[in-house]
>>> print(open('final_12.txt').read())   # compact mmCIF, C-alpha atoms
# COMPACT_ATOMS: atom_id res chain seq x y z
CA MET A 30 132.60 194.32 156.25
CA ASN A 31 134.95 197.27 156.42
CA ASP A 32 135.28 196.48 160.13
CA ARG A 33 136.57 193.02 159.28
CA LEU A 34 139.07 194.40 156.78
CA GLU A 35 140.24 196.94 159.35
CA ALA A 36 140.69 194.20 161.95
CA VAL A 37 142.85 192.22 159.52
CA ARG A 38 144.85 195.37 158.69
CA LYS A 39 145.50 195.97 162.39
CA LYS A 40 146.51 192.34 162.89
CA LEU A 41 149.00 192.55 160.02
CA GLN A 42 150.38 195.86 161.29
CA SER A 43 150.86 194.33 164.73
CA GLU A 44 152.64 191.28 163.28
CA ILE A 45 154.90 193.57 161.23
CA ALA A 46 155.73 195.66 164.31
CA GLU A 47 156.58 192.56 166.37
CA ALA A 48 158.72 191.05 163.61
CA ARG A 49 160.51 194.36 163.00
CA HIS A 50 161.30 194.72 166.70
CA GLU A 51 162.86 191.27 166.77
CA TYR A 52 164.69 191.95 163.50
CA GLU A 53 165.98 195.41 164.40
CA VAL A 54 166.46 195.17 168.19
CA ASP A 55 166.55 191.63 169.58
CA LEU A 56 168.51 189.86 166.85
CA PRO A 57 171.30 192.44 166.57
CA LEU A 58 171.85 192.04 170.32
CA ARG A 59 171.95 188.23 169.99
CA ILE A 60 174.35 188.47 167.06
CA GLU A 61 176.64 190.88 168.90
CA GLU A 62 176.63 188.66 171.99
CA ALA A 63 177.46 185.60 169.88
CA ARG A 64 180.28 187.50 168.12
CA SER A 65 181.78 188.41 171.47
CA LYS A 66 182.25 184.71 172.21
CA GLY A 67 184.95 184.36 169.57
CA ASP A 68 185.24 181.97 166.64
CA LEU A 69 182.13 182.40 164.45
CA SER A 70 182.83 179.35 162.27
CA GLU A 71 181.60 176.98 164.99
CA ASN A 72 179.25 179.29 166.85
CA ALA A 73 175.73 177.79 166.81
CA GLU A 74 174.20 180.84 168.51
CA TYR A 75 175.56 183.13 165.82
CA GLU A 76 174.37 180.87 162.98
CA SER A 77 170.95 180.51 164.57
CA ALA A 78 170.54 184.28 164.97
CA LYS A 79 171.69 184.95 161.38
CA GLU A 80 169.25 182.34 160.02
CA ARG A 81 166.44 183.85 162.07
CA GLN A 82 167.36 187.31 160.80
CA SER A 83 167.24 186.09 157.21
CA TYR A 84 163.87 184.41 157.78
CA LEU A 85 162.40 187.51 159.44
CA GLY A 86 163.53 189.74 156.59
CA VAL A 87 161.54 187.64 154.13
CA TYR A 88 158.60 187.32 156.52
CA ILE A 89 158.38 191.09 157.05
CA ASN A 90 158.40 191.65 153.27
CA GLN A 91 155.60 189.11 152.84
CA LEU A 92 153.50 190.76 155.56
CA GLN A 93 154.05 194.21 154.05
CA HIS A 94 153.08 192.92 150.60
CA ARG A 95 149.93 191.37 152.07
CA LEU A 96 149.07 194.64 153.84
CA THR A 97 149.54 196.58 150.60
CA LYS A 98 147.25 194.20 148.71
CA LEU A 99 144.69 194.34 151.49
CA SER A 100 144.71 198.13 151.39
CA SER A 101 143.85 198.02 147.70
CA ILE A 102 140.63 196.02 148.23
CA ASP A 103 137.59 198.12 147.47
CA LEU A 104 134.45 196.35 148.67
CA ASN A 105 132.41 198.37 146.18
CA ASP A 106 134.24 196.59 143.35
CA VAL A 107 133.36 193.08 144.61
CA ASP A 108 130.95 191.26 142.26
CA LYS A 109 127.86 190.82 144.40
CA SER A 110 125.96 188.51 142.03
CA SER A 111 128.38 185.58 142.34
CA VAL A 112 130.33 183.86 145.09
CA GLY A 113 133.18 186.04 146.31
CA LEU A 114 134.84 187.55 149.36
CA TYR A 115 132.69 187.19 152.50
CA SER A 116 130.10 185.05 150.74
CA LEU A 117 128.32 182.44 152.86
CA VAL A 118 128.00 179.51 150.46
CA ASP A 119 125.74 176.46 150.75
CA LEU A 120 127.00 173.50 148.73
CA GLN A 121 125.91 169.95 148.03
CA GLU A 122 128.00 167.12 146.61
CA VAL A 123 126.35 165.86 143.44
CA GLU A 124 127.38 162.22 143.96
CA ASN A 125 126.29 161.62 147.57
CA GLY A 126 124.14 164.63 148.54
CA LYS A 127 126.42 165.66 151.42
CA LYS A 128 125.96 169.33 152.27
CA TYR A 129 128.55 171.93 153.29
CA ALA A 130 128.40 175.56 154.33
CA TYR A 131 131.45 177.82 154.08
CA GLU A 132 132.24 181.48 154.35
CA LEU A 133 134.97 182.73 152.02
CA VAL A 134 137.25 184.99 154.03
CA LEU A 135 140.71 186.54 153.90
CA ALA A 136 143.60 184.20 154.65
CA GLU A 137 144.19 185.88 158.01
CA GLU A 138 140.63 185.07 159.12
CA MET A 139 140.60 181.44 158.05
CA ASP A 140 139.22 178.99 160.63
CA ILE A 141 138.13 175.70 159.10
CA LYS A 142 136.46 174.59 162.36
CA GLN A 143 134.18 177.62 162.05
CA GLY A 144 133.54 176.93 158.35
CA MET A 145 135.67 179.90 157.28
CA ILE A 146 137.93 179.10 154.34
CA SER A 147 140.32 181.42 152.59
CA ILE A 148 139.19 182.85 149.29
CA LEU A 149 142.80 182.25 148.21
CA SER A 150 142.69 178.53 149.06
CA PRO A 151 142.27 176.05 146.20
CA ILE A 152 138.62 175.44 147.11
CA GLY A 153 137.98 179.15 147.64
CA GLN A 154 139.45 179.97 144.24
CA GLN A 155 137.39 177.27 142.53
CA LEU A 156 134.17 178.57 144.14
CA ARG A 157 134.89 182.22 143.38
CA GLY A 158 132.64 183.54 140.64
CA ALA A 159 130.12 180.67 140.88
CA LYS A 160 126.42 181.46 140.68
CA ALA A 161 123.52 179.93 142.61
CA GLY A 162 122.47 176.66 140.98
CA GLU A 163 125.79 176.22 139.19
CA LYS A 164 127.72 172.96 139.27
CA VAL A 165 131.42 173.31 140.11
CA THR A 166 134.09 170.65 139.86
CA LEU A 167 136.37 170.82 142.89
CA LYS A 168 139.87 169.42 142.64
CA THR A 169 141.59 168.65 145.93
CA PRO A 170 144.74 166.64 146.63
CA ALA A 171 142.53 163.78 147.83
CA ARG A 172 139.96 163.72 145.01
CA THR A 173 138.01 165.50 142.32
CA PHE A 174 134.25 165.84 142.76
CA ASP A 175 131.27 167.88 141.61
CA ILE A 176 129.29 170.14 143.90
CA LYS A 177 126.23 172.25 143.33
CA VAL A 178 125.98 175.77 144.71
CA LEU A 179 122.60 175.60 146.45
CA GLY A 180 122.75 179.28 147.27
CA PHE A 181 124.86 182.00 148.80
CA THR A 182 124.63 185.20 150.75
CA ASN A 183 126.87 187.92 149.36
CA ILE A 184 128.94 190.57 151.09
CA LEU A 185 125.89 192.85 151.40
CA GLY A 186 123.69 190.16 152.96
CA GLU A 187 121.70 189.55 149.77
CA ARG A 188 120.64 185.92 149.31
CA PHE A 189 120.77 184.08 145.97
CA GLU A 190 119.10 180.65 145.72
CA ALA A 191 119.29 177.96 143.04
>>> encode(input="final_12.txt", output="structure tokens")
Amino acid sequence: MNDRLEAVRKKLQSEIAEARHEYEVDLPLRIEEARSKGDLSENAEYESAKERQSYLGVYINQLQHRLTKLSSIDLNDVDKSSVGLYSLVDLQEVENGKKYAYELVLAEEMDIKQGMISILSPIGQQLRGAKAGEKVTLKTPARTFDIKVLGFTNILGERFEA
């Protein structure tokens, strides 16, 4: 699992480097070029570059904050007896018996088509801490429904069944 965390760290570092390059190199050149064209009050290129610069400043801060939080994750501190980060969870809707299988992952790894949902998503947060056999009420924008945790495999590969 440390490999996965390291891969996410590297991805974030790469995104920060790309955004910083645009912020510190590309955008100042665009702004200077737009300034050289005269009247800034009606200069769409200048306004566009300044808006992008403002956006990137916030984006870089968000990425750095995420990287800092990620660096503070200690996999040894993860509760291994309940659903948590990197748990593979088997669920069943109480009402209709429909079954689901999800892996709770970091936001950067999320891929709903692969059954990987963010632990920070509303569903991920509602499942976090659940035990095998436990009934959980899930609230989504579309509906509220009960599911049963049939079982899960924790971060260490240990399986817990209902």
>>> closest_residue(input="final_12.txt", among="A:Glu132, A:Glu138, A:Glu51, A:Glu187", to="Tyr88 (chain A)", atoms="only C-alpha atoms")
A:Glu51
>>> residues_around(input="final_12.txt", residues="Gln42 (chain A)", least_positions_apart="4", cutoff="10 Å", atoms="only C-alpha atoms", output="PyMOL selection string")
chain A and resi 36-38+46-48+92-93+96
>>> axis_aligned_box(input="final_12.txt", around="region 150-153 of chain A", padding_each_side="6 Å", output="lines of an AutoDock Vina configuration file")
center_x = 140.3
center_y = 177.3
center_z = 147.6
size_x = 16.7
size_y = 15.7
size_z = 14.9
>>> residues_around(input="final_12.txt", residues="Arg188 (chain A)", least_positions_apart="3", cutoff="12 Å", atoms="only C-alpha atoms", output="PyMOL selection string")
chain A and resi 109-112+116-119+160-161+179-185+191
>>> residues_near_point(input="final_12.txt", point="(138.9, 181.6, 154.6)", cutoff="6 Å", atoms="all atoms listed in the file", output="PyMOL selection string")
chain A and resi 133-136+138-139+145-148
>>> closest_residue(input="final_12.txt", among="A:Gln82, A:Gly162, A:Gly67, A:Arg95", to="Val54 (chain A)", atoms="all atoms listed in the file")
A:Gln82
>>> residues_around(input="final_12.txt", residues="Tyr52 (chain A)", least_positions_apart="2", cutoff="10 Å", atoms="all atoms listed in the file", output="list of chain:residue names")
A:Ala46, A:Glu47, A:Ala48, A:Arg49, A:His50, A:Val54, A:Asp55, A:Leu56, A:Pro57, A:Leu58, A:Ala78, A:Arg81, A:Gln82, A:Ser83, A:Tyr84, A:Leu85, A:Gly86, A:Ile89
>>> atom_distance(input="final_12.txt", atom1="CA of Glu124 (chain A)", atom2="CA of Lys177 (chain A)")
10.1 Å
>>> closest_residue(input="final_12.txt", among="A:Asp68, A:Leu104, A:Glu190, A:Ala73", to="Asp32 (chain A)", atoms="only C-alpha atoms")
A:Leu104
>>> atom_distance(input="final_12.txt", atom1="CA of Ser101 (chain A)", atom2="CA of Glu35 (chain A)")
12.2 Å
>>> atom_distance(input="final_12.txt", atom1="CA of Leu99 (chain A)", atom2="CA of Leu34 (chain A)")
7.7 Å
>>> decode(input="final_12.txt", residues="region 36-70 of chain A", atoms="N, CA and C atoms", output="mmCIF file, in the first residue's frame")
data_model
loop_
_atom_site.group_PDB
_atom_site.id
_atom_site.type_symbol
_atom_site.label_atom_id
_atom_site.label_comp_id
_atom_site.auth_asym_id
_atom_site.auth_seq_id
_atom_site.Cartn_x
_atom_site.Cartn_y
_atom_site.Cartn_z
ATOM 1 N N ALA A 36 2.835 6.593 -5.272
ATOM 2 C CA ALA A 36 2.400 6.933 -6.632
ATOM 3 C C ALA A 36 1.516 8.177 -6.619
ATOM 4 N N VAL A 37 0.633 8.277 -5.642
ATOM 5 C CA VAL A 37 -0.227 9.457 -5.531
ATOM 6 C C VAL A 37 0.615 10.684 -5.185
ATOM 7 N N ARG A 38 1.585 10.517 -4.288
ATOM 8 C CA ARG A 38 2.487 11.630 -3.948
ATOM 9 C C ARG A 38 3.199 12.158 -5.194
ATOM 10 N N LYS A 39 3.735 11.232 -5.988
ATOM 11 C CA LYS A 39 4.452 11.625 -7.207
ATOM 12 C C LYS A 39 3.517 12.322 -8.190
ATOM 13 N N LYS A 40 2.294 11.830 -8.294
ATOM 14 C CA LYS A 40 1.313 12.455 -9.191
ATOM 15 C C LYS A 40 1.032 13.890 -8.745
ATOM 16 N N LEU A 41 0.826 14.072 -7.456
ATOM 17 C CA LEU A 41 0.575 15.419 -6.927
ATOM 18 C C LEU A 41 1.785 16.330 -7.137
ATOM 19 N N GLN A 42 2.974 15.817 -6.886
ATOM 20 C CA GLN A 42 4.182 16.616 -7.082
ATOM 21 C C GLN A 42 4.327 17.034 -8.543
ATOM 22 N N SER A 43 3.990 16.139 -9.449
ATOM 23 C CA SER A 43 4.058 16.446 -10.878
ATOM 24 C C SER A 43 3.035 17.529 -11.253
ATOM 25 N N GLU A 44 1.825 17.389 -10.735
ATOM 26 C CA GLU A 44 0.784 18.393 -11.003
ATOM 27 C C GLU A 44 1.191 19.757 -10.450
ATOM 28 N N ILE A 45 1.797 19.768 -9.266
ATOM 29 C CA ILE A 45 2.254 21.028 -8.669
ATOM 30 C C ILE A 45 3.339 21.644 -9.541
ATOM 31 N N ALA A 46 4.286 20.831 -9.998
ATOM 32 C CA ALA A 46 5.378 21.341 -10.833
ATOM 33 C C ALA A 46 4.845 21.932 -12.141
ATOM 34 N N GLU A 47 3.895 21.243 -12.768
ATOM 35 C CA GLU A 47 3.307 21.747 -14.017
ATOM 36 C C GLU A 47 2.563 23.058 -13.783
ATOM 37 N N ALA A 48 1.768 23.102 -12.733
ATOM 38 C CA ALA A 48 0.989 24.318 -12.440
ATOM 39 C C ALA A 48 1.919 25.476 -12.079
ATOM 40 N N ARG A 49 2.958 25.191 -11.317
ATOM 41 C CA ARG A 49 3.919 26.245 -10.954
ATOM 42 C C ARG A 49 4.625 26.802 -12.181
ATOM 43 N N HIS A 50 4.991 25.917 -13.115
ATOM 44 C CA HIS A 50 5.662 26.370 -14.328
ATOM 45 C C HIS A 50 4.755 27.326 -15.106
ATOM 46 N N GLU A 51 3.518 26.939 -15.253
ATOM 47 C CA GLU A 51 2.574 27.824 -15.951
ATOM 48 C C GLU A 51 2.417 29.134 -15.198
ATOM 49 N N TYR A 52 2.298 29.057 -13.872
ATOM 50 C CA TYR A 52 2.080 30.230 -13.030
ATOM 51 C C TYR A 52 3.283 31.166 -13.029
ATOM 52 N N GLU A 53 4.477 30.594 -12.946
ATOM 53 C CA GLU A 53 5.688 31.397 -12.776
ATOM 54 C C GLU A 53 6.404 31.740 -14.086
ATOM 55 N N VAL A 54 6.169 30.965 -15.151
ATOM 56 C CA VAL A 54 6.891 31.189 -16.405
ATOM 57 C C VAL A 54 5.946 31.595 -17.540
ATOM 58 N N ASP A 55 4.995 30.720 -17.849
ATOM 59 C CA ASP A 55 4.128 30.964 -19.011
ATOM 60 C C ASP A 55 3.217 32.181 -18.841
ATOM 61 N N LEU A 56 2.524 32.242 -17.721
ATOM 62 C CA LEU A 56 1.570 33.346 -17.527
ATOM 63 C C LEU A 56 2.231 34.714 -17.447
ATOM 64 N N PRO A 57 3.350 34.874 -16.765
ATOM 65 C CA PRO A 57 3.995 36.191 -16.785
ATOM 66 C C PRO A 57 4.357 36.643 -18.207
ATOM 67 N N LEU A 58 4.752 35.710 -19.057
ATOM 68 C CA LEU A 58 5.048 36.057 -20.451
ATOM 69 C C LEU A 58 3.783 36.502 -21.182
ATOM 70 N N ARG A 59 2.676 35.764 -20.963
ATOM 71 C CA ARG A 59 1.398 36.143 -21.588
ATOM 72 C C ARG A 59 0.938 37.506 -21.098
ATOM 73 N N ILE A 60 1.079 37.748 -19.812
ATOM 74 C CA ILE A 60 0.651 39.031 -19.244
ATOM 75 C C ILE A 60 1.493 40.169 -19.803
ATOM 76 N N GLU A 61 2.788 39.956 -19.876
ATOM 77 C CA GLU A 61 3.675 40.999 -20.413
ATOM 78 C C GLU A 61 3.366 41.270 -21.882
ATOM 79 N N GLU A 62 3.100 40.223 -22.634
ATOM 80 C CA GLU A 62 2.763 40.390 -24.054
ATOM 81 C C GLU A 62 1.451 41.164 -24.197
ATOM 82 N N ALA A 63 0.469 40.829 -23.362
ATOM 83 C CA ALA A 63 -0.819 41.533 -23.420
ATOM 84 C C ALA A 63 -0.652 42.999 -23.023
ATOM 85 N N ARG A 64 0.178 43.265 -22.021
ATOM 86 C CA ARG A 64 0.433 44.650 -21.598
ATOM 87 C C ARG A 64 1.052 45.472 -22.732
ATOM 88 N N SER A 65 1.901 44.828 -23.499
ATOM 89 C CA SER A 65 2.593 45.551 -24.567
ATOM 90 C C SER A 65 1.646 46.002 -25.675
ATOM 91 N N LYS A 66 0.433 45.455 -25.674
ATOM 92 C CA LYS A 66 -0.542 45.810 -26.707
ATOM 93 C C LYS A 66 -1.354 47.045 -26.350
ATOM 94 N N GLY A 67 -1.061 47.660 -25.218
ATOM 95 C CA GLY A 67 -1.706 48.932 -24.899
ATOM 96 C C GLY A 67 -2.792 48.826 -23.855
ATOM 97 N N ASP A 68 -3.890 49.508 -24.091
ATOM 98 C CA ASP A 68 -5.002 49.694 -23.165
ATOM 99 C C ASP A 68 -5.433 48.376 -22.514
ATOM 100 N N LEU A 69 -5.227 48.259 -21.190
ATOM 101 C CA LEU A 69 -5.560 47.034 -20.472
ATOM 102 C C LEU A 69 -7.041 46.930 -20.120
ATOM 103 N N SER A 70 -7.753 48.058 -20.162
ATOM 104 C CA SER A 70 -9.162 48.049 -19.741
ATOM 105 C C SER A 70 -10.035 47.223 -20.684
#
